[in-house]
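Reviewing the structure listed below.
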Amino acid sequence: MPLVPPSIAVLRPYEAGRSAEEVRRQYGLSRVVKLASNENPQGSSPAAITAIRKHAADLHIYPQGGLLLREALAERYGLKIDNVIAGSGSDSIIGNIVRTFLCDDDEVLTTEAAFIGFQVLAKSRGVAYKTVPYRGWRYDLEAMAAAVTDRTKIVYLANPNNPTGAMFTRKEFESFYRHVPERVLIILDEAYFEYAQGNSLYPDSMHYRYDNVITLRTFSKVYGLAGARIGYGFAHEDLIQNLLKVKLPFEPGTLAEAAGVAALDDREFVNRSVESNALGLRFLQRELAERGFETVPSEANFVMLVFPHAGAASSFAQGLLEQGVIIRPLASFGLPQCVRISVGTAEDNEFCIECIDKLTVRMPELRHRLAAAGT
Ligand SMILES: Cc1ncc(COP(=O)(O)O)c(C=O)c1O
């Protein structure tokens, strides 16, 4: 019997994006912008920073497993605390869902090229991992409902989706839900909820308190706390109760939790972040479209570009990197012909477009392609 199970041996460790400092040093650049990880370019919620400073004095005491944040979220959403879980990022909660509910013969069902964090965690469990292709870069919820089998235990949906940025509508979700048996657990990952909720077609899952749906949200995006590692979930109390059996007892950490509780009330920062993102997203989408790039309409804080082939996508990402713009090639997600650009500050976004212009001058093949696309 090998020490490492075959389901683990075939996996590759998650590769974090390059840091700005690393790229600055490697290419001898004075200006580097990181538009690779869908972080908040406005920084962190100031209320969260104040709370972290205040709670630094409590670090010799063990945390309470997220109790304070669970209470704050229960109050905010008019739920019982038993319906809420907090964890070290929504990634960690996904990990706990995988460990809690999946047995060897179960199947997981999601879309092709799903959020990489989910892929890594679900595949590490060694169960069957089934995917349904996108239709026009959107979830094909009809095909997904049809792909549910007797063995399907978990369906994972991210809305808006990472990496495409696309959103499915209330009508699409409701029709999907009607076709999925109640024994199937649906993970609705709403990491980008705050950016999308203004869209009247967006199915805010808090309006669907179905017993087999777990909603996941995070402080990593609009609250600017990706480095703190704090996320949360809402579900039926039986689901939460079982997750609490598996979760690390002292997760989340004191500072992360305090940051989350404080950030929840920092509406000024959230509103500012959402507004600046909307402007930046519109700018990037318009400038890219004017240059003939194929992009997917996004409801999140990033935009996905589709190239004619993998070579063009990787030359594009490398060409930007060498000029100091770090973007995310999507080969590891399963889309080697695509890249993802996160929305930055107005200055970052302009710099990114300037670098793209310099790059297209240097890449005749890309230039001809874009010209043919009707720029
Ligand atoms: C769809 C989706 N879910 C979850 C996460 C992870 O969030 P967290 O930082 O809370 O683990 C991300 C982060 O990129 C994401 O895009």
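Residue names in the structure tokens use chain letters A, B, ... in the order shown, residue numbers from 1 in each chain, and ligand numbers from 1 in the order shown.
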Quick one: DSSP helix (DSSP H, G or I) residues in segment 112-328 of chain A, as a PyMOL selection string? chain A and resi 116-124+141-147+170-178+193-196+205-207+237-246+254-264+267-290+310-323
Contact residues around segment 164-173 of chain A with only C-alpha atoms at 10 Å, ignoring same-chain residues under 2 positions, as a PyMOL selection string: chain A and resi 113-115+134+136-142+157-162+175-178+192+196+199-205+295-306+338-340
So that each row is one residue of chain A with an atom at most 9 Å from ligand 1, can you give its shortest atom pair and the distance in Å to one decimal, using only C-alpha atoms and all ligand atoms, rows by chain and rising number, as JSON lines?
```
{"residue": "A:Ser37", "atom": "CA", "partner": "ligand 1", "partner_atom_place_in_ligand_line": "14 (O)", "distance": 6.5}
{"residue": "A:Asn38", "atom": "CA", "partner": "ligand 1", "partner_atom_place_in_ligand_line": "14 (O)", "distance": 6.3}
{"residue": "A:Glu39", "atom": "CA", "partner": "ligand 1", "partner_atom_place_in_ligand_line": "14 (O)", "distance": 8.1}
{"residue": "A:Gly87", "atom": "CA", "partner": "ligand 1", "partner_atom_place_in_ligand_line": "10 (O)", "distance": 8.3}
{"residue": "A:Ser88", "atom": "CA", "partner": "ligand 1", "partner_atom_place_in_ligand_line": "11 (O)", "distance": 7.0}
{"residue": "A:Gly89", "atom": "CA", "partner": "ligand 1", "partner_atom_place_in_ligand_line": "10 (O)", "distance": 3.3}
{"residue": "A:Ser90", "atom": "CA", "partner": "ligand 1", "partner_atom_place_in_ligand_line": "10 (O)", "distance": 3.7}
{"residue": "A:Asp91", "atom": "CA", "partner": "ligand 1", "partner_atom_place_in_ligand_line": "11 (O)", "distance": 3.7}
{"residue": "A:Ser92", "atom": "CA", "partner": "ligand 1", "partner_atom_place_in_ligand_line": "11 (O)", "distance": 6.3}
{"residue": "A:Ile93", "atom": "CA", "partner": "ligand 1", "partner_atom_place_in_ligand_line": "11 (O)", "distance": 8.0}
{"residue": "A:Ile94", "atom": "CA", "partner": "ligand 1", "partner_atom_place_in_ligand_line": "4 (C)", "distance": 8.3}
{"residue": "A:Ala114", "atom": "CA", "partner": "ligand 1", "partner_atom_place_in_ligand_line": "1 (C)", "distance": 8.3}
{"residue": "A:Phe115", "atom": "CA", "partner": "ligand 1", "partner_atom_place_in_ligand_line": "1 (C)", "distance": 5.4}
{"residue": "A:Ile116", "atom": "CA", "partner": "ligand 1", "partner_atom_place_in_ligand_line": "16 (O)", "distance": 8.0}
{"residue": "A:Gly117", "atom": "CA", "partner": "ligand 1", "partner_atom_place_in_ligand_line": "5 (C)", "distance": 6.8}
{"residue": "A:Phe118", "atom": "CA", "partner": "ligand 1", "partner_atom_place_in_ligand_line": "3 (N)", "distance": 7.5}
{"residue": "A:Leu157", "atom": "CA", "partner": "ligand 1", "partner_atom_place_in_ligand_line": "1 (C)", "distance": 8.5}
{"residue": "A:Ala158", "atom": "CA", "partner": "ligand 1", "partner_atom_place_in_ligand_line": "1 (C)", "distance": 5.3}
{"residue": "A:Asn159", "atom": "CA", "partner": "ligand 1", "partner_atom_place_in_ligand_line": "1 (C)", "distance": 7.3}
{"residue": "A:Pro160", "atom": "CA", "partner": "ligand 1", "partner_atom_place_in_ligand_line": "1 (C)", "distance": 7.4}
{"residue": "A:Asn161", "atom": "CA", "partner": "ligand 1", "partner_atom_place_in_ligand_line": "1 (C)", "distance": 5.9}
{"residue": "A:Asn162", "atom": "CA", "partner": "ligand 1", "partner_atom_place_in_ligand_line": "1 (C)", "distance": 5.0}
{"residue": "A:Pro163", "atom": "CA", "partner": "ligand 1", "partner_atom_place_in_ligand_line": "16 (O)", "distance": 7.2}
{"residue": "A:Asp189", "atom": "CA", "partner": "ligand 1", "partner_atom_place_in_ligand_line": "3 (N)", "distance": 5.7}
{"residue": "A:Glu190", "atom": "CA", "partner": "ligand 1", "partner_atom_place_in_ligand_line": "1 (C)", "distance": 6.6}
{"residue": "A:Ala191", "atom": "CA", "partner": "ligand 1", "partner_atom_place_in_ligand_line": "3 (N)", "distance": 4.9}
{"residue": "A:Tyr192", "atom": "CA", "partner": "ligand 1", "partner_atom_place_in_ligand_line": "1 (C)", "distance": 7.1}
{"residue": "A:Leu216", "atom": "CA", "partner": "ligand 1", "partner_atom_place_in_ligand_line": "3 (N)", "distance": 7.7}
{"residue": "A:Arg217", "atom": "CA", "partner": "ligand 1", "partner_atom_place_in_ligand_line": "10 (O)", "distance": 6.9}
{"residue": "A:Thr218", "atom": "CA", "partner": "ligand 1", "partner_atom_place_in_ligand_line": "10 (O)", "distance": 4.3}
{"residue": "A:Phe219", "atom": "CA", "partner": "ligand 1", "partner_atom_place_in_ligand_line": "10 (O)", "distance": 6.2}
{"residue": "A:Ser220", "atom": "CA", "partner": "ligand 1", "partner_atom_place_in_ligand_line": "9 (O)", "distance": 4.7}
{"residue": "A:Lys221", "atom": "CA", "partner": "ligand 1", "partner_atom_place_in_ligand_line": "9 (O)", "distance": 7.4}
{"residue": "A:Leu225", "atom": "CA", "partner": "ligand 1", "partner_atom_place_in_ligand_line": "9 (O)", "distance": 8.1}
{"residue": "A:Ala226", "atom": "CA", "partner": "ligand 1", "partner_atom_place_in_ligand_line": "9 (O)", "distance": 5.3}
{"residue": "A:Gly227", "atom": "CA", "partner": "ligand 1", "partner_atom_place_in_ligand_line": "9 (O)", "distance": 7.9}
{"residue": "A:Ala228", "atom": "CA", "partner": "ligand 1", "partner_atom_place_in_ligand_line": "9 (O)", "distance": 8.6}
{"residue": "A:Arg229", "atom": "CA", "partner": "ligand 1", "partner_atom_place_in_ligand_line": "9 (O)", "distance": 6.0}
{"residue": "A:Ile230", "atom": "CA", "partner": "ligand 1", "partner_atom_place_in_ligand_line": "10 (O)", "distance": 5.8}
{"residue": "A:Gly231", "atom": "CA", "partner": "ligand 1", "partner_atom_place_in_ligand_line": "10 (O)", "distance": 4.7}
{"residue": "A:Tyr232", "atom": "CA", "partner": "ligand 1", "partner_atom_place_in_ligand_line": "10 (O)", "distance": 7.9}
```
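Distances here use only C-alpha atoms; by that measure, the residue among A:Arg291, A:Arg53, A:Arg272, A:His309 closest to Ile356 of chain A is A:Arg291.
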Near-segment 6-15 of chain A list (9 Å; only C-alpha atoms; drop same-chain fewer than 5 positions) as a count of residues only: 9
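Taking atom CA of Val270 of chain A and atom CA of Ala48 of chain A as endpoints, the distance between them is 11.8 Å.
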Can you pull out the residues contacting segment 21-24 of chain A? Cut-off 12 Å, using only C-alpha atoms, and skip same-chain residues under 4 positions away; I want them as a list in words. Gly17, Gly28, Leu29, Ser30, Arg31, Val32, Val33, Lys34, Gln318, Leu320, Leu321, Glu322, Gln323, Gly324, Val325, Ile326 and Ile327 of chain A
Selected residues written out, all heavy atoms, as a short mmCIF file (atom, residue, chain, number, x, y, z; two decimals), in the first residue's frame:
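Heads up, here's the output in again11.cif:
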```cif
data_model
loop_
_atom_site.label_atom_id
_atom_site.label_comp_id
_atom_site.auth_asym_id
_atom_site.auth_seq_id
_atom_site.Cartn_x
_atom_site.Cartn_y
_atom_site.Cartn_z
N GLY A 17 -0.36 33.13 -6.53
CA GLY A 17 0.12 34.08 -7.54
C GLY A 17 1.44 34.71 -7.09
O GLY A 17 1.77 34.71 -5.91
N GLY A 28 13.40 43.91 -12.45
CA GLY A 28 14.01 45.21 -12.20
C GLY A 28 13.06 46.36 -12.49
O GLY A 28 13.43 47.35 -13.12
N LEU A 29 11.81 46.24 -12.04
CA LEU A 29 10.79 47.24 -12.37
C LEU A 29 10.58 48.19 -11.20
O LEU A 29 10.75 47.81 -10.04
CB LEU A 29 9.46 46.54 -12.66
CG LEU A 29 9.47 45.59 -13.87
CD1 LEU A 29 8.28 44.64 -13.79
CD2 LEU A 29 9.43 46.38 -15.17
N SER A 30 10.17 49.43 -11.52
CA SER A 30 9.87 50.33 -10.40
C SER A 30 8.38 50.27 -10.06
O SER A 30 7.98 50.49 -8.93
CB SER A 30 10.28 51.76 -10.76
OG SER A 30 9.68 52.13 -11.98
N ARG A 31 7.56 49.96 -11.06
CA ARG A 31 6.11 49.92 -10.78
C ARG A 31 5.54 48.55 -11.11
O ARG A 31 5.69 48.07 -12.25
CB ARG A 31 5.42 50.97 -11.64
CG ARG A 31 3.93 50.97 -11.45
CD ARG A 31 3.27 52.07 -12.23
NE ARG A 31 1.87 52.18 -11.85
CZ ARG A 31 1.01 53.00 -12.41
NH1 ARG A 31 1.40 53.77 -13.40
NH2 ARG A 31 -0.24 53.03 -12.02
N VAL A 32 4.92 47.94 -10.13
CA VAL A 32 4.27 46.64 -10.36
C VAL A 32 2.88 46.69 -9.77
O VAL A 32 2.69 47.15 -8.65
CB VAL A 32 5.08 45.49 -9.69
CG1 VAL A 32 4.33 44.17 -9.83
CG2 VAL A 32 6.47 45.37 -10.30
N VAL A 33 1.88 46.25 -10.55
CA VAL A 33 0.53 46.17 -10.00
C VAL A 33 0.08 44.71 -10.06
O VAL A 33 0.34 44.01 -11.04
CB VAL A 33 -0.49 47.09 -10.71
CG1 VAL A 33 -0.07 48.53 -10.62
CG2 VAL A 33 -0.70 46.70 -12.15
N LYS A 34 -0.58 44.28 -8.99
CA LYS A 34 -1.03 42.89 -8.94
C LYS A 34 -2.54 42.87 -9.19
O LYS A 34 -3.32 43.35 -8.37
CB LYS A 34 -0.70 42.29 -7.57
CG LYS A 34 -1.08 40.83 -7.47
CD LYS A 34 -0.53 40.19 -6.21
CE LYS A 34 -1.03 38.77 -6.08
NZ LYS A 34 -1.75 38.53 -4.83
N GLN A 318 2.55 36.70 -19.91
CA GLN A 318 3.99 36.88 -19.69
C GLN A 318 4.41 38.28 -20.11
O GLN A 318 5.19 38.94 -19.41
CB GLN A 318 4.76 35.80 -20.48
CG GLN A 318 6.25 35.84 -20.33
CD GLN A 318 6.73 35.65 -18.87
OE1 GLN A 318 6.04 34.98 -18.08
NE2 GLN A 318 7.86 36.25 -18.51
N LEU A 320 2.67 40.98 -20.10
CA LEU A 320 2.24 41.97 -19.10
C LEU A 320 3.10 41.87 -17.85
O LEU A 320 3.48 42.88 -17.25
CB LEU A 320 0.76 41.76 -18.75
CG LEU A 320 -0.25 42.20 -19.80
CD1 LEU A 320 -1.67 42.04 -19.28
CD2 LEU A 320 -0.02 43.66 -20.22
N LEU A 321 3.43 40.64 -17.47
CA LEU A 321 4.26 40.43 -16.28
C LEU A 321 5.59 41.17 -16.41
O LEU A 321 6.05 41.85 -15.48
CB LEU A 321 4.51 38.93 -16.10
CG LEU A 321 5.19 38.49 -14.82
CD1 LEU A 321 4.25 38.68 -13.63
CD2 LEU A 321 5.60 37.01 -14.90
N GLU A 322 6.18 41.06 -17.58
CA GLU A 322 7.49 41.68 -17.79
C GLU A 322 7.42 43.21 -17.73
O GLU A 322 8.42 43.87 -17.52
CB GLU A 322 8.08 41.23 -19.15
CG GLU A 322 8.53 39.78 -19.07
CD GLU A 322 8.83 39.17 -20.43
OE1 GLU A 322 8.97 39.93 -21.41
OE2 GLU A 322 8.90 37.92 -20.51
N GLN A 323 6.20 43.75 -17.92
CA GLN A 323 6.05 45.21 -17.80
C GLN A 323 5.56 45.63 -16.41
O GLN A 323 5.35 46.80 -16.16
CB GLN A 323 5.04 45.70 -18.83
CG GLN A 323 5.48 45.49 -20.27
CD GLN A 323 4.41 46.02 -21.21
OE1 GLN A 323 4.28 47.22 -21.40
NE2 GLN A 323 3.61 45.13 -21.76
N GLY A 324 5.30 44.64 -15.55
CA GLY A 324 4.88 44.97 -14.19
C GLY A 324 3.40 44.86 -13.93
O GLY A 324 2.89 45.44 -12.96
N VAL A 325 2.67 44.11 -14.77
CA VAL A 325 1.25 43.88 -14.49
C VAL A 325 1.05 42.37 -14.29
O VAL A 325 1.22 41.59 -15.23
CB VAL A 325 0.34 44.37 -15.63
CG1 VAL A 325 -1.13 44.14 -15.28
CG2 VAL A 325 0.58 45.85 -15.90
N ILE A 326 0.74 41.99 -13.07
CA ILE A 326 0.56 40.57 -12.77
C ILE A 326 -0.92 40.22 -12.96
O ILE A 326 -1.78 40.78 -12.28
CB ILE A 326 0.96 40.23 -11.32
CG1 ILE A 326 2.33 40.85 -10.98
CG2 ILE A 326 0.97 38.73 -11.10
CD1 ILE A 326 2.71 40.69 -9.50
N ILE A 327 -1.20 39.35 -13.91
CA ILE A 327 -2.58 38.89 -14.09
C ILE A 327 -2.60 37.37 -13.89
O ILE A 327 -1.55 36.77 -13.64
CB ILE A 327 -3.17 39.27 -15.48
CG1 ILE A 327 -2.36 38.61 -16.61
CG2 ILE A 327 -3.21 40.78 -15.64
CD1 ILE A 327 -3.07 38.66 -17.95
#
```
Which value, in Å to one decimal, gives the distance between atom CA of Thr149 of chain A and atom CA of Leu102 of chain A?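 Calculated distance between atom CA of Thr149 of chain A and atom CA of Leu102 of chain A is 14.8 Å.
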